[in-house]
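I have placed the structure first, in the form of structure tokens, so that the comments after it can refer back to it.
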Amino acid sequence: MTATLEKPLTLPALRKPAGLSSLGKVARSSAAIILFLAAWEFVPRYVLDDSTRTFLPPVSEDLAALWELVLNGQLADHLTASLGRSAAGFVIAVAIGVPLGLLIGWYRPVAAFLNPLLELMRNTAALALLPVFTLLLGIGELSKITLVVYACVWPVLLNTIAGVNSVDPLLVRAARSLGLSSPRLFRKVILPFAVPTIFTGIRLAASYSVLVLIAAEMVGAKAGLGYLINNTQVNFQIPQMYAGIIAVSVLGLIVNQGFVALERRFSAWRPKEKA
């Protein structure tokens with residue numbers, strides 16, 4: 001008499017609905033922000049005394065002031081002025097940084113000649129040169145755009161050089177052994193592998209273009225988010241000042257996320273690294 005072993009019954013694994021899973025991810029990623037906003041609301045309202053609360057109003061009052069700036073059109077005017085300057089400086093920086101970075105990364109003699117100067121200038125903070133740009137170019141638009149160009153060109157330039165230098169030498173030798181000329185080698189091998197690193201520099205430059213400009217607009221500007229923050233602080237309009245700071249934070253977040261999406265799109269062909 002033979003005994004037959006029966007397979008134990010296994011219940012199918014229960015899967016969470018996709019909607020609940022995505023909601024859980026959103027909740028986890030937003031928890032720190034929610035806690036920060038809750039602290040910003042309740043600490044000034046229930047912990048701080050009236051004199052201190054004047055300088056740190058609850059976030060609800062700041063958001064109300066932000067909404068008022070939206071309704072009366074002031075935020076749109078200041079935002080347009082800042083975006084125009086930031087975009088102009090950013091585009092010029094990319095137009096300078098990418099070709100120059102490709103040139104320095106591809107031609108070793110050029111890199112050897114320019115590297116000492118680049119090392120000196122890259123370690124000079126952009127805001128430290130604001131008085132110099134103001135003295136030479138005045139307090140108008142030119143000095144502010146030039147400052148943005150100076151701040152943004154370095155991440156673009158250095159990441160472009162790093163992208164060119166990171167190409168595998170074996171791949172370059174293999175391409176040369178197949179008879180690729182230098183222009184075709186650069187176009188078919190070097191540039192595609194450097195693109196993701198270049199876009200990292202461009203994304204960083206986009207963030208710098210907003211942050212540096214805000215500081216520049218606090219000196220001699222008549223419009224812009226930096227002017228809004230400085231002017232409201234001088235006139236003791238504290239909720240409006242925080243409203244301008246919130247607007248800057250949201251703008252920087254939107255710009256950064258937009259370029260992150262672009263970076264992923266342009267580097268989607270690269271295989272993902274295993275953890």
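In the structure tokens, chains take letters A, B, ... by order of appearance, with residues numbered from 1 within each chain and ligands from 1 in the order shown.
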**OP:** Please provide the set of residues having any atom within 10 Å of segment 77-87 of chain A, restricted to only C-alpha atoms, with same-chain residues fewer than 6 positions apart removed, written as number ranges by chain.
**Re:** A: 69-70, 93, 141-142, 144-149, 152, 206-214, 217, 221-228, 244, 247-248, 251
**OP:** Identify, on the basis of only C-alpha atoms, every residue whose closest approach to segment 118-132 of chain A does not exceed 8 Å; exclude the query and any residue fewer than 6 positions from it along the same chain; express the result as a PyMOL selection string.
**Re:** chain A and resi 147+150-151+154+212+215-216
Using C-alpha atoms, can you export the residues from the last selection as a PDB file, in the first residue's frame?
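Just written: part-v2.pdb:
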```pdb
ATOM      1  CA  LEU A 147      25.445  87.285 -11.986  1.00  0.00           C
ATOM      2  CA  TYR A 150      28.301  83.370 -13.627  1.00  0.00           C
ATOM      3  CA  ALA A 151      26.535  81.231 -11.013  1.00  0.00           C
ATOM      4  CA  TRP A 154      29.972  76.360 -13.399  1.00  0.00           C
ATOM      5  CA  VAL A 212      21.157  83.568  -6.884  1.00  0.00           C
ATOM      6  CA  ALA A 215      19.648  87.592  -3.642  1.00  0.00           C
ATOM      7  CA  ALA A 216      20.583  89.877  -6.537  1.00  0.00           C
TER       8      ALA A 216
END
```
Subject >> Residue set, segment 3-220 of chain A restricted to alpha helix (DSSP H), as a VMD selection string >> reply: chain A and resid 18 to 42 50 to 55 59 to 71 74 to 106 108 to 122 130 to 137 141 to 165 169 to 177 182 to 185 191 to 217
Neighbouring residues of segment 49-55 of chain A were defined as those with any atom within 12 Å, considering only C-alpha atoms; residues of the same chain fewer than 4 positions away were excluded. Please report them as a tab-separated table (two decimals) with C-alpha atoms, in the first residue's frame.
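Contents of result.tsv, as written:
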```
chain	number	residue	atom	x	y	z
A	40	TRP	CA	4.62	76.16	11.66
A	41	GLU	CA	0.91	76.57	12.32
A	42	PHE	CA	0.58	75.46	15.94
A	43	VAL	CA	3.85	76.64	17.51
A	44	PRO	CA	3.36	80.35	16.64
A	45	ARG	CA	-0.36	80.14	17.49
A	59	VAL	CA	1.47	79.43	8.07
A	61	GLU	CA	-1.76	83.72	7.72
A	62	ASP	CA	1.20	83.53	5.33
A	233	GLN	CA	10.49	93.06	5.29
A	236	PHE	CA	7.16	95.30	8.25
A	237	GLN	CA	4.65	93.32	6.19
A	238	ILE	CA	5.76	90.04	7.71
A	239	PRO	CA	3.05	87.69	6.29
A	240	GLN	CA	3.72	89.06	2.80
A	241	MET	CA	7.45	88.48	3.33
A	242	TYR	CA	6.85	84.82	4.18
```
Taking only C-alpha atoms into account, produce a table as CSV in which each residue of segment 96-150 of chain A with an atom at most 10 Å from an atom of segment 196-201 of chain A appears once, together with its shortest atom pair and the distance in Å to one decimal, ordered by chain and rising number.
```
residue,atom,partner,partner_atom,distance
A:Gly97,CA,A:Gly201,CA,9.6
A:Val98,CA,A:Ile198,CA,7.6
A:Gly101,CA,A:Ile198,CA,9.3
A:Leu102,CA,A:Ile198,CA,9.7
```
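Using only C-alpha atoms for every distance, the candidate list A:Asn165, A:Val195, A:Leu135, A:Leu170 yields A:Asn165 as the residue closest to Tyr107 of chain A.
The gap separating atom CA of Phe36 of chain A from atom CA of Leu48 of chain A is 16.1 Å, in Å to one decimal.
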Subject >> Among listed residues A:Val189, A:Leu253, A:Ile245, A:Leu157, nearest Ala174 of chain A (using only C-alpha atoms) >> reply: A:Val189
Original post:
Mind pulling up the distance from atom CA of Gly89 of chain A to atom CA of Arg187 of chain A?
Top reply: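 A separation of 27.3 Å between them.
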**OP:** Record the distance separating atom CA of Ser30 of chain A and atom CA of Ile246 of chain A, expressed in Å with one decimal.
**Re:**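 Between these atoms lies a distance of 16.6 Å.
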